[in-house]
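work.tsv follows; it contains TSV, C-alpha atoms.
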```tsv
chain	number	residue	atom	x	y	z
A	100	MET	CA	18.81	2.27	-1.36
A	101	ILE	CA	17.22	-1.15	-1.58
A	102	LEU	CA	18.76	-3.63	0.84
A	103	GLU	CA	18.31	-7.29	-0.06
A	104	GLY	CA	17.46	-9.28	3.05
A	105	VAL	CA	15.10	-11.79	4.57
A	106	VAL	CA	12.02	-10.78	6.56
A	107	THR	CA	10.28	-12.95	9.11
A	108	THR	CA	6.68	-12.22	10.07
A	109	VAL	CA	4.20	-14.10	12.21
A	110	SER	CA	0.45	-14.30	11.65
A	111	ALA	CA	-2.06	-13.58	14.41
A	112	SER	CA	-2.34	-17.34	14.92
A	113	GLY	CA	1.46	-17.70	15.26
A	114	GLN	CA	2.29	-19.06	11.78
A	115	LEU	CA	5.86	-18.12	10.73
A	116	ASN	CA	6.62	-16.75	7.26
A	117	ILE	CA	10.15	-16.29	5.93
A	118	ALA	CA	10.50	-14.24	2.74
A	119	PRO	CA	13.25	-12.40	0.90
A	120	MET	CA	12.50	-8.70	0.68
A	121	GLY	CA	14.25	-5.61	-0.55
A	122	PRO	CA	13.16	-2.76	1.70
A	123	HIS	CA	13.99	0.85	0.96
A	124	PHE	CA	16.58	1.38	3.65
A	125	ASN	CA	18.83	4.19	4.84
A	126	PRO	CA	21.53	2.87	7.19
A	127	GLU	CA	21.63	6.23	8.98
A	128	ASP	CA	17.92	6.13	9.83
A	129	ASP	CA	15.80	4.01	12.16
A	130	HIS	CA	12.97	3.75	9.62
A	131	PHE	CA	12.54	1.84	6.36
A	132	GLU	CA	9.80	0.89	3.90
A	133	LEU	CA	8.60	-2.59	3.02
A	134	GLN	CA	6.57	-2.98	-0.18
A	135	PRO	CA	5.12	-6.50	-0.30
A	136	PHE	CA	2.49	-7.43	-2.84
A	137	GLU	CA	-1.04	-7.34	-1.48
A	138	THR	CA	-1.47	-11.09	-2.12
A	139	SER	CA	1.69	-12.11	-0.22
A	140	VAL	CA	1.82	-13.87	3.14
A	141	THR	CA	4.18	-11.15	4.37
A	142	CYS	CA	1.55	-8.50	3.64
A	143	ARG	CA	-1.24	-10.52	5.28
A	144	ASN	CA	0.91	-11.14	8.37
A	145	LEU	CA	1.85	-7.46	8.70
A	146	MET	CA	-1.82	-6.50	8.46
A	147	GLU	CA	-2.63	-8.96	11.30
A	148	ASN	CA	0.51	-8.48	13.41
A	149	PRO	CA	2.27	-5.24	12.38
A	150	CYS	CA	5.83	-6.22	13.25
A	151	GLY	CA	8.64	-8.45	12.05
A	152	VAL	CA	12.37	-8.87	11.72
A	153	LEU	CA	14.54	-7.75	8.81
A	154	HIS	CA	17.66	-9.95	8.55
A	155	VAL	CA	20.85	-8.88	6.82
A	156	THR	CA	22.69	-11.96	5.63
A	157	ASP	CA	25.44	-13.04	3.27
A	158	ASP	CA	23.85	-16.51	3.02
A	159	VAL	CA	22.50	-16.67	-0.54
A	160	LEU	CA	21.32	-20.23	0.00
A	161	LEU	CA	18.94	-18.94	2.72
A	162	ILE	CA	17.71	-16.20	0.41
A	163	VAL	CA	17.12	-18.65	-2.46
A	164	ARG	CA	15.39	-21.23	-0.29
A	165	SER	CA	13.08	-18.62	1.22
A	166	ALA	CA	12.29	-17.16	-2.22
A	167	LEU	CA	11.47	-20.57	-3.69
A	168	ASN	CA	9.57	-21.84	-0.62
A	169	CYS	CA	11.94	-24.74	-0.04
A	170	LEU	CA	13.17	-24.01	3.48
A	171	GLU	CA	13.35	-27.52	4.89
A	172	PRO	CA	14.22	-27.73	7.66
A	173	ILE	CA	13.25	-24.30	8.98
A	174	PRO	CA	16.37	-22.54	10.30
A	175	ALA	CA	16.78	-21.90	14.02
A	176	ALA	CA	14.30	-19.13	14.85
A	177	PRO	CA	14.00	-18.17	18.53
A	178	PRO	CA	11.67	-15.37	19.68
A	179	ALA	CA	12.60	-11.77	19.02
A	180	THR	CA	13.34	-9.58	22.04
A	181	LYS	CA	11.09	-6.53	21.50
A	182	ILE	CA	8.30	-7.65	19.16
A	183	LYS	CA	6.02	-10.64	18.55
A	184	GLY	CA	8.25	-12.32	15.99
A	185	VAL	CA	11.25	-14.58	15.43
A	186	VAL	CA	14.91	-14.18	14.58
A	187	LEU	CA	17.01	-16.22	12.15
A	188	THR	CA	20.07	-16.62	14.34
A	189	ASP	CA	22.57	-17.30	11.53
A	190	SER	CA	22.08	-13.80	10.09
A	191	CYS	CA	24.82	-11.21	10.26
A	192	ARG	CA	22.50	-8.73	11.92
A	193	TRP	CA	18.81	-8.16	12.30
A	194	HIS	CA	16.43	-5.33	12.90
A	195	GLU	CA	13.25	-5.96	14.85
A	196	PHE	CA	10.62	-3.54	13.57
A	197	GLU	CA	7.08	-2.27	13.97
A	198	ALA	CA	4.96	-1.23	11.02
A	199	ILE	CA	3.87	2.24	12.10
A	200	SER	CA	1.29	2.84	9.37
A	201	LYS	CA	-1.34	0.67	7.72
A	202	PRO	CA	-1.07	0.91	3.93
A	203	THR	CA	-3.80	2.03	1.56
A	204	HIS	CA	-5.25	-0.25	-1.10
A	205	SER	CA	-2.89	-0.85	-4.04
A	206	PRO	CA	-1.13	-3.81	-5.71
A	207	ARG	CA	1.96	-3.13	-3.59
A	208	LYS	CA	1.36	-2.20	0.00
A	209	ILE	CA	3.81	0.26	1.53
A	210	PHE	CA	4.51	-0.31	5.20
A	211	HIS	CA	6.48	2.41	6.97
A	212	CYS	CA	8.51	0.59	9.60
A	213	ARG	CA	10.41	1.74	12.66
A	214	ILE	CA	13.36	-0.26	13.98
A	215	VAL	CA	12.89	-1.04	17.69
A	216	ALA	CA	15.96	-3.27	18.22
A	217	THR	CA	19.11	-4.13	16.28
A	218	VAL	CA	21.43	-7.04	16.99
A	219	LYS	CA	24.79	-7.62	15.31
A	220	ASN	CA	25.43	-11.35	15.39
A	221	ARG	CA	28.53	-11.71	13.22
A	222	ASP	CA	30.49	-9.85	10.60
A	223	PHE	CA	29.07	-9.63	7.10
A	224	TYR	CA	31.45	-11.86	5.16
A	225	GLY	CA	30.54	-10.21	1.89
A	226	PHE	CA	29.39	-11.01	-1.61
A	227	ASN	CA	31.52	-12.19	-4.49
A	228	ARG	CA	30.42	-12.25	-8.13
A	229	ALA	CA	28.73	-15.65	-7.67
A	230	LYS	CA	26.60	-14.46	-4.76
A	231	HIS	CA	25.52	-11.43	-6.80
A	232	ALA	CA	24.67	-13.67	-9.75
A	233	VAL	CA	22.62	-15.97	-7.52
A	234	LEU	CA	20.73	-12.98	-6.08
A	235	GLU	CA	19.94	-11.64	-9.55
A	236	ALA	CA	18.83	-15.10	-10.75
A	237	THR	CA	16.60	-15.42	-7.68
A	238	ILE	CA	14.95	-12.08	-8.38
A	239	VAL	CA	14.28	-13.21	-11.96
A	240	ALA	CA	12.83	-16.49	-10.67
A	241	THR	CA	10.34	-14.60	-8.51
A	242	ARG	CA	9.27	-12.53	-11.54
A	243	ILE	CA	9.17	-15.32	-14.09
A	244	ASP	CA	5.49	-14.81	-14.88
A	245	PHE	CA	6.06	-11.44	-16.51
A	246	LEU	CA	9.61	-11.48	-17.94
A	247	PRO	CA	10.47	-12.52	-21.52
A	248	ILE	CA	11.60	-16.15	-21.70
A	249	ALA	CA	14.48	-15.39	-24.09
A	250	GLU	CA	15.87	-12.78	-21.68
A	251	ILE	CA	15.61	-15.19	-18.73
A	252	GLN	CA	17.45	-17.92	-20.63
A	253	HIS	CA	20.16	-15.50	-21.79
A	254	GLN	CA	20.76	-14.21	-18.26
A	255	LEU	CA	20.81	-17.72	-16.78
A	256	ARG	CA	23.61	-18.76	-19.16
A	257	ARG	CA	25.59	-15.67	-18.21
A	258	TRP	CA	25.08	-16.18	-14.48
A	259	GLU	CA	25.87	-19.89	-14.72
A	260	SER	CA	29.35	-19.07	-15.99
A	261	ILE	CA	29.94	-16.56	-13.19
A	262	VAL	CA	28.79	-19.01	-10.50
A	263	ALA	CA	30.95	-21.79	-11.96
A	264	LYS	CA	34.05	-19.56	-11.94
A	265	THR	CA	33.67	-17.75	-8.62
A	266	GLY	CA	31.18	-19.64	-6.46
A	267	GLY	CA	31.65	-21.95	-3.53
A	268	ASN	CA	29.51	-24.94	-2.61
A	269	ASP	CA	26.58	-22.90	-1.22
A	270	GLU	CA	26.46	-20.68	-4.30
A	271	GLN	CA	26.55	-23.74	-6.60
A	272	ILE	CA	23.68	-25.38	-4.70
A	273	ALA	CA	21.68	-22.14	-4.59
A	274	PHE	CA	22.10	-21.50	-8.31
A	275	GLN	CA	21.11	-25.08	-9.13
A	276	LEU	CA	17.91	-24.62	-7.10
A	277	VAL	CA	17.11	-21.44	-9.02
A	278	GLN	CA	17.81	-23.12	-12.38
A	279	GLU	CA	15.59	-26.09	-11.52
A	280	PHE	CA	12.81	-23.77	-10.39
A	281	ILE	CA	12.97	-21.68	-13.57
A	282	ARG	CA	13.15	-24.75	-15.82
A	283	SER	CA	10.13	-26.28	-14.11
A	284	LYS	CA	8.15	-23.05	-14.65
A	285	LEU	CA	9.23	-22.73	-18.29
A	286	ASP	CA	8.95	-26.47	-19.01
A	287	VAL	CA	12.44	-26.36	-20.56
```

Have the structure of the file written as structure tokens, please.
Amino acid sequence: MILEGVVTTVSASGQLNIAPMGPHFNPEDDHFELQPFETSVTCRNLMENPCGVLHVTDDVLLIVRSALNCLEPIPAAPPATKIKGVVLTDSCRWHEFEAISKPTHSPRKIFHCRIVATVKNRDFYGFNRAKHAVLEATIVATRIDFLPIAEIQHQLRRWESIVAKTGGNDEQIAFQLVQEFIRSKLDV
């Protein structure tokens, strides 16, 4: 399955990157696959420093802000325990990992990762319909350059209704950020 989460990586020079990622993940295994685009900071960091932290979170505002590069201020991020990396301490749980293979050349790099430490911080509160809608809208926002505009606009209207009916304050803020981002890209 694909598990939506947030990955932190650190460059060789110590520069932190926080990015939403959907690794191929089996909860019964201690391995997973990350498939970042070759041009991404996550990919570059993993090539320089082949480790990171996969965070499982129910905080859609964190996911949206990391996807849209508007994480100000940076969340609390102390050092990881087993790898050269950092942990987002408000996550439900996190998996420190090592990339155990260097990928071959392709548009999407495939990193085979091994979990070296897992920490459960708090219970996963869960997702309601609004959180799901925000996640889907965020995924569309990150793919705006190659999706049909009419489809994006149609889906946004649908998701807006869901968020208005079932979302709390964080979901409302997150969805507004996604809408503003998409509108700015589409000049609507």

Leaving out region 171-181 of chain A and any residue of its chain fewer than 5 positions from it, which residues lie within 10 Å of it when counting all atoms listed in the file, given as a list in words?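 That gives Thr107, Leu115, Ile117, Cys150, Gly151, Val152, Leu161, Arg164, Ser165, Val186, Leu187, Thr188, Asp189, Trp193, His194, Glu195, Phe196, Glu197, Val215, Ala216, Thr217 and Val218 of chain A.
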
May I ask which of the residues A:Val185, A:Met100, A:Ile261, A:Leu276 is the closest one to Val159 (chain A), counting all atoms listed in the file? A:Leu276

May I have a table of the residues of region 148-199 of chain A lying at most 9 Å from region 221-240 of chain A, giving each one's closest pair of atoms and their distance in Å to one decimal, counting only C-alpha atoms, ordered by chain and ascending residue number, as a tab-separated table?
```
residue	atom	partner	partner_atom	distance
A:Val155	CA	A:Phe223	CA	8.3
A:Thr156	CA	A:Phe223	CA	6.9
A:Asp157	CA	A:Gly225	CA	6.0
A:Asp158	CA	A:Lys230	CA	8.5
A:Val159	CA	A:Lys230	CA	6.3
A:Leu160	CA	A:Val233	CA	8.7
A:Ile162	CA	A:Leu234	CA	7.8
A:Val163	CA	A:Thr237	CA	6.2
A:Ala166	CA	A:Thr237	CA	7.2
A:Leu167	CA	A:Ala240	CA	8.2
A:Asp189	CA	A:Arg221	CA	8.3
A:Ser190	CA	A:Arg221	CA	7.5
A:Cys191	CA	A:Arg221	CA	4.8
A:Arg192	CA	A:Arg221	CA	6.9
```

Contacts of Asn148 (chain A) at 8 Å or less, counting all atoms listed in the file, minus same-chain residues fewer than 4 places along, as a ChimeraX atom specification? /A:108-111,144,183

If you count all atoms listed in the file, the residue of A:Cys212, A:Ile248, A:Leu285, A:Val140 closest to His123 (chain A) turns out to be A:Cys212

Within 10 Å of (-1.8, -0.1, 1.2), in the coordinates the file gives, what residues turn up when you count only C-alpha atoms, written out as a list in words?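 Neighbouring residues, ordered by chain and number, come to Gln134, Pro135, Phe136, Glu137, Cys142, Met146, Ser200, Lys201, Pro202, Thr203, His204, Ser205, Pro206, Arg207, Lys208, Ile209 and Phe210 of chain A.
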
Contacts of Gly104 (chain A) within 7 Å, only C-alpha atoms, excl. fewer than 2 positions in-chain, as a PyMOL selection string: chain A and resi 102+106+119-121+153-156

Quote the spacing between CA of Ala118 (chain A) and CA of Gln271 (chain A) in Å to one decimal place. 20.9 Å

Kindly reconstruct region 162-173 of chain A with all heavy atoms and present the result as a tab-separated table (two decimals), keeping the file's coordinate frame.
```
chain	number	residue	atom	x	y	z
A	162	ILE	N	18.54	-17.09	1.22
A	162	ILE	CA	17.71	-16.20	0.41
A	162	ILE	C	16.99	-16.98	-0.68
A	162	ILE	O	15.78	-16.83	-0.89
A	162	ILE	CB	18.56	-15.05	-0.17
A	162	ILE	CG1	19.06	-14.14	0.96
A	162	ILE	CG2	17.76	-14.24	-1.20
A	162	ILE	CD1	20.11	-13.12	0.55
A	163	VAL	N	17.72	-17.84	-1.38
A	163	VAL	CA	17.12	-18.65	-2.46
A	163	VAL	C	16.05	-19.57	-1.91
A	163	VAL	O	14.93	-19.64	-2.42
A	163	VAL	CB	18.19	-19.45	-3.22
A	163	VAL	CG1	17.57	-20.51	-4.11
A	163	VAL	CG2	19.07	-18.51	-4.03
A	164	ARG	N	16.37	-20.29	-0.85
A	164	ARG	CA	15.39	-21.23	-0.29
A	164	ARG	C	14.13	-20.52	0.20
A	164	ARG	O	13.03	-21.04	0.04
A	164	ARG	CB	16.03	-22.06	0.81
A	164	ARG	CG	16.99	-23.10	0.26
A	164	ARG	CD	17.55	-23.98	1.34
A	164	ARG	NE	18.25	-25.11	0.74
A	164	ARG	CZ	19.26	-25.74	1.31
A	164	ARG	NH1	19.68	-25.37	2.50
A	164	ARG	NH2	19.83	-26.74	0.70
A	165	SER	N	14.28	-19.35	0.77
A	165	SER	CA	13.08	-18.62	1.22
A	165	SER	C	12.30	-18.10	0.02
A	165	SER	O	11.07	-18.12	0.03
A	165	SER	CB	13.44	-17.51	2.20
A	165	SER	OG	14.26	-16.53	1.60
A	166	ALA	N	12.98	-17.66	-1.02
A	166	ALA	CA	12.29	-17.16	-2.22
A	166	ALA	C	11.52	-18.25	-2.94
A	166	ALA	O	10.44	-18.01	-3.48
A	166	ALA	CB	13.29	-16.52	-3.18
A	167	LEU	N	12.07	-19.46	-2.94
A	167	LEU	CA	11.47	-20.57	-3.69
A	167	LEU	C	10.62	-21.48	-2.81
A	167	LEU	O	10.17	-22.53	-3.26
A	167	LEU	CB	12.56	-21.38	-4.39
A	167	LEU	CG	13.49	-20.59	-5.31
A	167	LEU	CD1	14.50	-21.52	-5.95
A	167	LEU	CD2	12.71	-19.80	-6.35
A	168	ASN	N	10.38	-21.07	-1.58
A	168	ASN	CA	9.57	-21.84	-0.62
A	168	ASN	C	10.07	-23.27	-0.44
A	168	ASN	O	9.29	-24.21	-0.44
A	168	ASN	CB	8.10	-21.85	-1.05
A	168	ASN	CG	7.48	-20.48	-0.96
A	168	ASN	OD1	7.73	-19.75	-0.01
A	168	ASN	ND2	6.72	-20.11	-1.97
A	169	CYS	N	11.38	-23.40	-0.29
A	169	CYS	CA	11.94	-24.74	-0.04
A	169	CYS	C	12.88	-24.69	1.16
A	169	CYS	O	14.01	-25.17	1.10
A	169	CYS	CB	12.61	-25.29	-1.29
A	169	CYS	SG	13.96	-24.31	-1.96
A	170	LEU	N	12.40	-24.12	2.25
A	170	LEU	CA	13.17	-24.01	3.48
A	170	LEU	C	12.89	-25.22	4.37
A	170	LEU	O	12.10	-25.15	5.31
A	170	LEU	CB	12.78	-22.74	4.24
A	170	LEU	CG	13.66	-21.53	4.00
A	170	LEU	CD1	13.06	-20.30	4.66
A	170	LEU	CD2	15.07	-21.74	4.46
A	171	GLU	N	13.49	-26.32	4.06
A	171	GLU	CA	13.35	-27.52	4.89
A	171	GLU	C	14.74	-28.00	5.26
A	171	GLU	O	15.56	-28.24	4.37
A	171	GLU	CB	12.60	-28.62	4.15
A	171	GLU	CG	11.15	-28.31	3.88
A	171	GLU	CD	10.31	-28.18	5.14
A	171	GLU	OE1	10.61	-28.88	6.13
A	171	GLU	OE2	9.38	-27.37	5.15
A	172	PRO	N	15.05	-28.10	6.51
A	172	PRO	CA	14.22	-27.73	7.66
A	172	PRO	C	14.25	-26.21	7.86
A	172	PRO	O	15.12	-25.52	7.35
A	172	PRO	CB	14.91	-28.44	8.83
A	172	PRO	CG	16.35	-28.49	8.43
A	172	PRO	CD	16.35	-28.66	6.92
A	173	ILE	N	13.30	-25.73	8.63
A	173	ILE	CA	13.25	-24.30	8.98
A	173	ILE	C	14.49	-23.98	9.81
A	173	ILE	O	14.83	-24.73	10.73
A	173	ILE	CB	11.97	-23.98	9.79
A	173	ILE	CG1	10.71	-24.28	8.98
A	173	ILE	CG2	11.97	-22.53	10.28
A	173	ILE	CD1	10.49	-23.39	7.79
```
